[in-house]
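What follows is a short report on a single structure.
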Amino acid sequence: MGFALTDPFMWLLGAIVVAAVLYSSVGHGGASGYIAMMALFGLSAQDMKAAALVMNIFVASLVFARLYRAGHFNVRLFVPLALTSVPMAYLGGAYVIDEPTYKYVVGAVLLVAAARLLIDSGDRPATATPTLWIALPVGAAIGFLAGLTGVGGGIFLSPLLLFLCWTNMRTNAAIAAAFILANSIAGLLGYMTVATGWPTGLPALVVAALVGGVIGSELATRRVAPANLRKLLGVVLVIAGVKMFMTAQAVIT
């Protein structure tokens, strides 16, 4: 499965580094970016899901540790979201869907991620507190989708938290990192119950993601955001999302 260490694979590693820098700078593990890059390089659905979950765990751990030490984590908001998202991410990770369906779902996820990068929501103060009966189902829905697709769920959680004014940007990044880490671990455990193997070159992909994560987490703690590069990545996600839809349709026809 996957790639041998050839020139195209080296280009993929470089793309993974860039994606990790951009995503970790806003508190994300980068799974949707990794999936987009792997889709452009033609990896299978099984390889994309496994590799994205593993890279997410390493990068989200790094980002969360730095933001937690900086005092930006809100445990009261995180806990009710995680209570339902973690078991649902495990179920999503263990749920096997056919390749065309996976590509349709991931294509939609990539387009949502692109919108998240291309639309600058700005930084607004937190003015609302979620009730338990809102936070629990929100966590469950995002958790299942995270495990199913191999993303950590941050691309859905972050804009929702900001839109509902539950967090500011810094707290949002810390909660997203913790949420992504928890869901990625649960999703990977679920995936391992049905896994038949691991992608070739996975250690190299993890190292590339960590290199980008170190750079991006430094940007996150210093309030530096590479806005223009994030928009460029958004365009790449659109291309990858459209490609996923087209290849899914080709398999069906």
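By order in the structure tokens, chains are A, B, ...; within a chain, residues start at 1; ligands start at 1, following the order shown.
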Can you tell me, as a PDB file with N, CA and C atoms, in the first residue's frame, what residues are no more than 10 Å from Met48 of chain A when counting only C-alpha atoms, ignoring any on the same chain fewer than 2 positions away?
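Generated output (part29.pdb):
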ATOM      1  N   GLY A   2       0.347   2.348  -0.514  1.00  0.00           N
ATOM      2  CA  GLY A   2       1.023   3.622  -0.406  1.00  0.00           C
ATOM      3  C   GLY A   2       2.125   3.779  -1.434  1.00  0.00           C
ATOM      4  N   ALA A  31      -5.430  16.945   9.436  1.00  0.00           N
ATOM      5  CA  ALA A  31      -5.839  15.742   8.712  1.00  0.00           C
ATOM      6  C   ALA A  31      -6.465  16.039   7.362  1.00  0.00           C
ATOM      7  N   SER A  32      -7.335  17.056   7.307  1.00  0.00           N
ATOM      8  CA  SER A  32      -7.976  17.345   6.017  1.00  0.00           C
ATOM      9  C   SER A  32      -6.939  17.791   4.991  1.00  0.00           C
ATOM     10  N   TYR A  34      -3.723  16.780   5.026  1.00  0.00           N
ATOM     11  CA  TYR A  34      -2.980  15.565   4.668  1.00  0.00           C
ATOM     12  C   TYR A  34      -3.778  14.721   3.676  1.00  0.00           C
ATOM     13  N   ILE A  35      -5.083  14.593   3.938  1.00  0.00           N
ATOM     14  CA  ILE A  35      -5.933  13.809   3.037  1.00  0.00           C
ATOM     15  C   ILE A  35      -5.959  14.433   1.650  1.00  0.00           C
ATOM     16  N   ALA A  36      -6.034  15.771   1.616  1.00  0.00           N
ATOM     17  CA  ALA A  36      -6.036  16.450   0.315  1.00  0.00           C
ATOM     18  C   ALA A  36      -4.755  16.159  -0.448  1.00  0.00           C
ATOM     19  N   MET A  37      -3.620  16.258   0.233  1.00  0.00           N
ATOM     20  CA  MET A  37      -2.341  16.005  -0.435  1.00  0.00           C
ATOM     21  C   MET A  37      -2.239  14.556  -0.881  1.00  0.00           C
ATOM     22  N   MET A  38      -2.650  13.633  -0.025  1.00  0.00           N
ATOM     23  CA  MET A  38      -2.582  12.221  -0.391  1.00  0.00           C
ATOM     24  C   MET A  38      -3.541  11.896  -1.530  1.00  0.00           C
ATOM     25  N   ALA A  39      -4.690  12.578  -1.557  1.00  0.00           N
ATOM     26  CA  ALA A  39      -5.638  12.373  -2.659  1.00  0.00           C
ATOM     27  C   ALA A  39      -5.033  12.833  -3.977  1.00  0.00           C
ATOM     28  N   GLY A  42      -2.775  10.237  -5.202  1.00  0.00           N
ATOM     29  CA  GLY A  42      -3.382   8.973  -5.592  1.00  0.00           C
ATOM     30  C   GLY A  42      -3.378   7.854  -4.580  1.00  0.00           C
ATOM     31  N   LEU A  43      -3.254   8.156  -3.279  1.00  0.00           N
ATOM     32  CA  LEU A  43      -3.314   7.086  -2.288  1.00  0.00           C
ATOM     33  C   LEU A  43      -4.725   6.523  -2.190  1.00  0.00           C
ATOM     34  N   SER A  44      -4.829   5.292  -1.729  1.00  0.00           N
ATOM     35  CA  SER A  44      -6.137   4.651  -1.573  1.00  0.00           C
ATOM     36  C   SER A  44      -6.859   5.216  -0.358  1.00  0.00           C
ATOM     37  N   ALA A  45      -8.156   4.974  -0.292  1.00  0.00           N
ATOM     38  CA  ALA A  45      -8.962   5.451   0.826  1.00  0.00           C
ATOM     39  C   ALA A  45      -8.459   4.892   2.146  1.00  0.00           C
ATOM     40  N   GLN A  46      -8.102   3.609   2.164  1.00  0.00           N
ATOM     41  CA  GLN A  46      -7.625   2.969   3.390  1.00  0.00           C
ATOM     42  C   GLN A  46      -6.327   3.598   3.861  1.00  0.00           C
ATOM     43  N   ALA A  50      -5.835   5.879   7.504  1.00  0.00           N
ATOM     44  CA  ALA A  50      -4.880   5.450   8.524  1.00  0.00           C
ATOM     45  C   ALA A  50      -3.778   6.481   8.724  1.00  0.00           C
ATOM     46  N   ALA A  51      -3.173   6.946   7.621  1.00  0.00           N
ATOM     47  CA  ALA A  51      -2.062   7.888   7.726  1.00  0.00           C
ATOM     48  C   ALA A  51      -2.505   9.210   8.329  1.00  0.00           C
ATOM     49  N   ALA A  52      -3.690   9.692   7.932  1.00  0.00           N
ATOM     50  CA  ALA A  52      -4.179  10.969   8.456  1.00  0.00           C
ATOM     51  C   ALA A  52      -4.412  10.891   9.956  1.00  0.00           C
ATOM     52  N   LEU A  53      -4.985   9.796  10.433  1.00  0.00           N
ATOM     53  CA  LEU A  53      -5.226   9.647  11.870  1.00  0.00           C
ATOM     54  C   LEU A  53      -3.918   9.634  12.658  1.00  0.00           C
ATOM     55  N   THR A 149     -13.957   9.502   8.543  1.00  0.00           N
ATOM     56  CA  THR A 149     -13.165  10.047   7.447  1.00  0.00           C
ATOM     57  C   THR A 149     -11.673  10.067   7.715  1.00  0.00           C
ATOM     58  N   GLY A 150     -11.281  10.011   9.000  1.00  0.00           N
ATOM     59  CA  GLY A 150      -9.860  10.097   9.326  1.00  0.00           C
ATOM     60  C   GLY A 150      -9.408  11.492   9.690  1.00  0.00           C
ATOM     61  N   VAL A 151     -10.325  12.457   9.762  1.00  0.00           N
ATOM     62  CA  VAL A 151      -9.986  13.796  10.248  1.00  0.00           C
ATOM     63  C   VAL A 151     -10.279  13.849  11.737  1.00  0.00           C
ATOM     64  N   PRO A 199      -0.014   1.963   5.823  1.00  0.00           N
ATOM     65  CA  PRO A 199       0.557   2.542   4.600  1.00  0.00           C
ATOM     66  C   PRO A 199       2.076   2.456   4.576  1.00  0.00           C
TER      67      PRO A 199
END
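If only C-alpha atoms are the atoms counted, then among A:Ala60, A:Ser24, A:Phe163, A:Phe179 the closest residue to Thr84 of chain A is A:Phe179.
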In Å, how far is it from atom CA of Tyr95 of chain A to atom CA of Gly153 of chain A? 16.3 Å
May I have the residues within 12 Å of Leu160 of chain A as a list in words, using only C-alpha atoms and disregarding those fewer than 2 positions away in the same chain? Val112, Arg116, Ser121, Pro130, Ile134, Ala135, Val138, Gly139, Ile142, Gly153, Gly154, Ile155, Phe156, Leu157, Ser158, Leu162, Phe163, Leu164, Cys165, Trp166, Thr167, Asn168, Met169, Asn172 and Ala176 of chain A
Residues of the last selection are to be written out with C-alpha atoms, as a compact mmCIF listing (two decimals), in the first residue's frame.
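selection-v1.txt, written as the output of this step:
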# COMPACT_ATOMS: atom_id res chain seq x y z
CA VAL A 112 -15.78 22.47 4.16
CA ARG A 116 -12.74 27.36 6.76
CA SER A 121 -13.84 34.96 10.51
CA PRO A 130 -23.15 26.27 25.68
CA ILE A 134 -26.28 21.37 22.94
CA ALA A 135 -22.65 20.39 23.51
CA VAL A 138 -22.60 18.44 18.71
CA GLY A 139 -19.67 16.39 20.01
CA ILE A 142 -18.53 15.63 14.84
CA GLY A 153 -13.11 17.05 13.60
CA GLY A 154 -11.45 20.39 14.25
CA ILE A 155 -12.43 21.76 10.84
CA PHE A 156 -16.07 21.45 11.92
CA LEU A 157 -15.68 22.34 15.58
CA SER A 158 -13.57 25.49 15.23
CA LEU A 162 -16.47 30.90 16.80
CA PHE A 163 -19.85 31.34 15.11
CA LEU A 164 -21.69 30.64 18.37
CA CYS A 165 -19.26 32.93 20.27
CA TRP A 166 -18.27 30.13 22.66
CA THR A 167 -14.53 30.90 22.36
CA ASN A 168 -12.03 33.44 21.12
CA MET A 169 -9.36 32.45 18.61
CA ASN A 172 -10.57 27.90 20.10
CA ALA A 176 -9.64 22.18 18.76
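Among the candidate residues A:Leu188, A:Leu81, A:Ala70, A:Leu118, the one lying nearest to Lys231 of chain A is A:Leu118, with distances computed using only C-alpha atoms.
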So that I can check the surroundings of Leu83 of chain A, please list as a PyMOL selection string every protein, DNA and RNA residue that reaches within 10 Å of it, counting only C-alpha atoms and ignoring chain neighbours fewer than 3 positions away. chain A and resi 78-80+86-88+135-137+139-140+143
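For the residues A:Pro8, A:Gly71, A:Gly14, A:Gly92, ranking by smallest atom-to-atom distance to Thr193 of chain A using only C-alpha atoms places A:Gly92 first.
With only C-alpha atoms as the atoms that count, the minimum distance from Val63 of chain A to the choices A:Ala20, A:Leu13, A:Leu237, A:Leu205 is reached by A:Ala20.
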For Ala89 of chain A, list every protein, DNA or RNA residue within 6 Å, evaluated using only C-alpha atoms, and leave out those in the same chain fewer than 5 positions away; present the list as a list in words.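 Within the cut-off, the hits are Gly143, Phe144, Ala146, Gly147, Asn183, Ala186 and Gly187 of chain A.
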Excluding segment 96-103 of chain A and its own-chain neighbours fewer than 5 positions away, which residues fall within 10 Å of it when counting only C-alpha atoms? Please give them as a VMD selection string. chain A and resid 39 44 to 46 49 91 108 to 109 148 to 149 191 194 to 195 241 to 252
Any chance you can output those residues with N, CA and C atoms as a CSV table (one decimal), in the first residue's frame?
chain,number,residue,atom,x,y,z
A,39,ALA,N,-4.7,12.6,-1.6
A,39,ALA,CA,-5.6,12.4,-2.7
A,39,ALA,C,-5.0,12.8,-4.0
A,44,SER,N,-4.8,5.3,-1.7
A,44,SER,CA,-6.1,4.7,-1.6
A,44,SER,C,-6.9,5.2,-0.4
A,45,ALA,N,-8.2,5.0,-0.3
A,45,ALA,CA,-9.0,5.5,0.8
A,45,ALA,C,-8.5,4.9,2.1
A,46,GLN,N,-8.1,3.6,2.2
A,46,GLN,CA,-7.6,3.0,3.4
A,46,GLN,C,-6.3,3.6,3.9
A,49,LYS,N,-7.0,7.3,5.3
A,49,LYS,CA,-7.6,7.3,6.6
A,49,LYS,C,-6.6,7.0,7.7
A,91,LEU,N,-16.4,4.5,16.9
A,91,LEU,CA,-17.4,3.8,16.1
A,91,LEU,C,-17.2,4.2,14.6
A,108,ALA,N,-16.6,16.2,0.4
A,108,ALA,CA,-17.4,17.2,1.0
A,108,ALA,C,-16.6,17.8,2.2
A,109,VAL,N,-15.9,16.9,3.0
A,109,VAL,CA,-15.1,17.4,4.1
A,109,VAL,C,-14.0,18.4,3.7
A,148,LEU,N,-14.9,8.4,10.9
A,148,LEU,CA,-15.3,7.8,9.6
A,148,LEU,C,-14.4,8.2,8.5
A,149,THR,N,-14.0,9.5,8.5
A,149,THR,CA,-13.2,10.0,7.4
A,149,THR,C,-11.7,10.1,7.7
A,191,TYR,N,-10.2,2.0,13.9
A,191,TYR,CA,-9.7,1.5,12.6
A,191,TYR,C,-8.9,0.3,12.8
A,194,VAL,N,-10.4,-3.2,12.4
A,194,VAL,CA,-10.7,-3.7,11.1
A,194,VAL,C,-9.5,-3.6,10.1
A,195,ALA,N,-8.4,-3.1,10.6
A,195,ALA,CA,-7.3,-2.8,9.7
A,195,ALA,C,-6.6,-4.1,9.2
A,241,GLY,N,-10.8,18.3,-3.3
A,241,GLY,CA,-12.2,17.9,-3.0
A,241,GLY,C,-13.0,17.5,-4.3
A,242,VAL,N,-12.8,18.4,-5.3
A,242,VAL,CA,-13.4,18.2,-6.6
A,242,VAL,C,-12.9,16.9,-7.2
A,243,LYS,N,-11.5,16.6,-7.1
A,243,LYS,CA,-10.9,15.4,-7.6
A,243,LYS,C,-11.6,14.2,-7.0
A,244,MET,N,-11.8,14.3,-5.6
A,244,MET,CA,-12.4,13.1,-4.9
A,244,MET,C,-13.8,12.8,-5.5
A,245,PHE,N,-14.6,13.9,-5.8
A,245,PHE,CA,-15.9,13.6,-6.3
A,245,PHE,C,-15.8,13.0,-7.7
A,246,MET,N,-14.9,13.5,-8.5
A,246,MET,CA,-14.7,13.0,-9.9
A,246,MET,C,-14.3,11.5,-9.9
A,247,THR,N,-13.3,11.2,-9.0
A,247,THR,CA,-12.8,9.8,-9.0
A,247,THR,C,-13.9,8.9,-8.4
A,248,ALA,N,-14.6,9.4,-7.5
A,248,ALA,CA,-15.7,8.5,-7.0
A,248,ALA,C,-16.8,8.2,-8.0
A,249,GLN,N,-17.1,9.2,-8.8
A,249,GLN,CA,-18.0,9.1,-9.9
A,249,GLN,C,-17.5,8.1,-11.0
A,250,ALA,N,-16.2,8.2,-11.2
A,250,ALA,CA,-15.5,7.3,-12.2
A,250,ALA,C,-15.6,5.9,-11.8
A,251,VAL,N,-15.4,5.6,-10.5
A,251,VAL,CA,-15.5,4.3,-10.0
A,251,VAL,C,-16.9,3.7,-10.2
A,252,ILE,N,-17.9,4.6,-9.9
A,252,ILE,CA,-19.3,4.1,-10.0
A,252,ILE,C,-19.7,3.8,-11.5
Hey, which of A:Leu202, A:Val59, A:Val235, A:Arg69 ends up closest to Ser25 of chain A? Count only C-alpha atoms.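 Comparing A:Leu202, A:Val59, A:Val235, A:Arg69 against Ser25 of chain A, the winner is A:Val59.
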I need the alpha helix (DSSP H) residues of segment 34-234 of chain A per DSSP on the backbone, written as a ChimeraX atom specification. /A:34-40,45-69,75-94,99-118,132-149,154-163,169-192,202-221,227-234
Distance of atom CA of Ile215 of chain A from atom CA of Val75 of chain A, expressed in Å to one decimal place: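 If I compute the distance from atom CA of Val75 of chain A to atom CA of Ile215 of chain A, I get 25.4 Å.
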Proximity to Val214 of chain A - best of A:Leu62, A:Ala141, A:Ile57, A:Ile16, only C-alpha atoms: A:Leu62
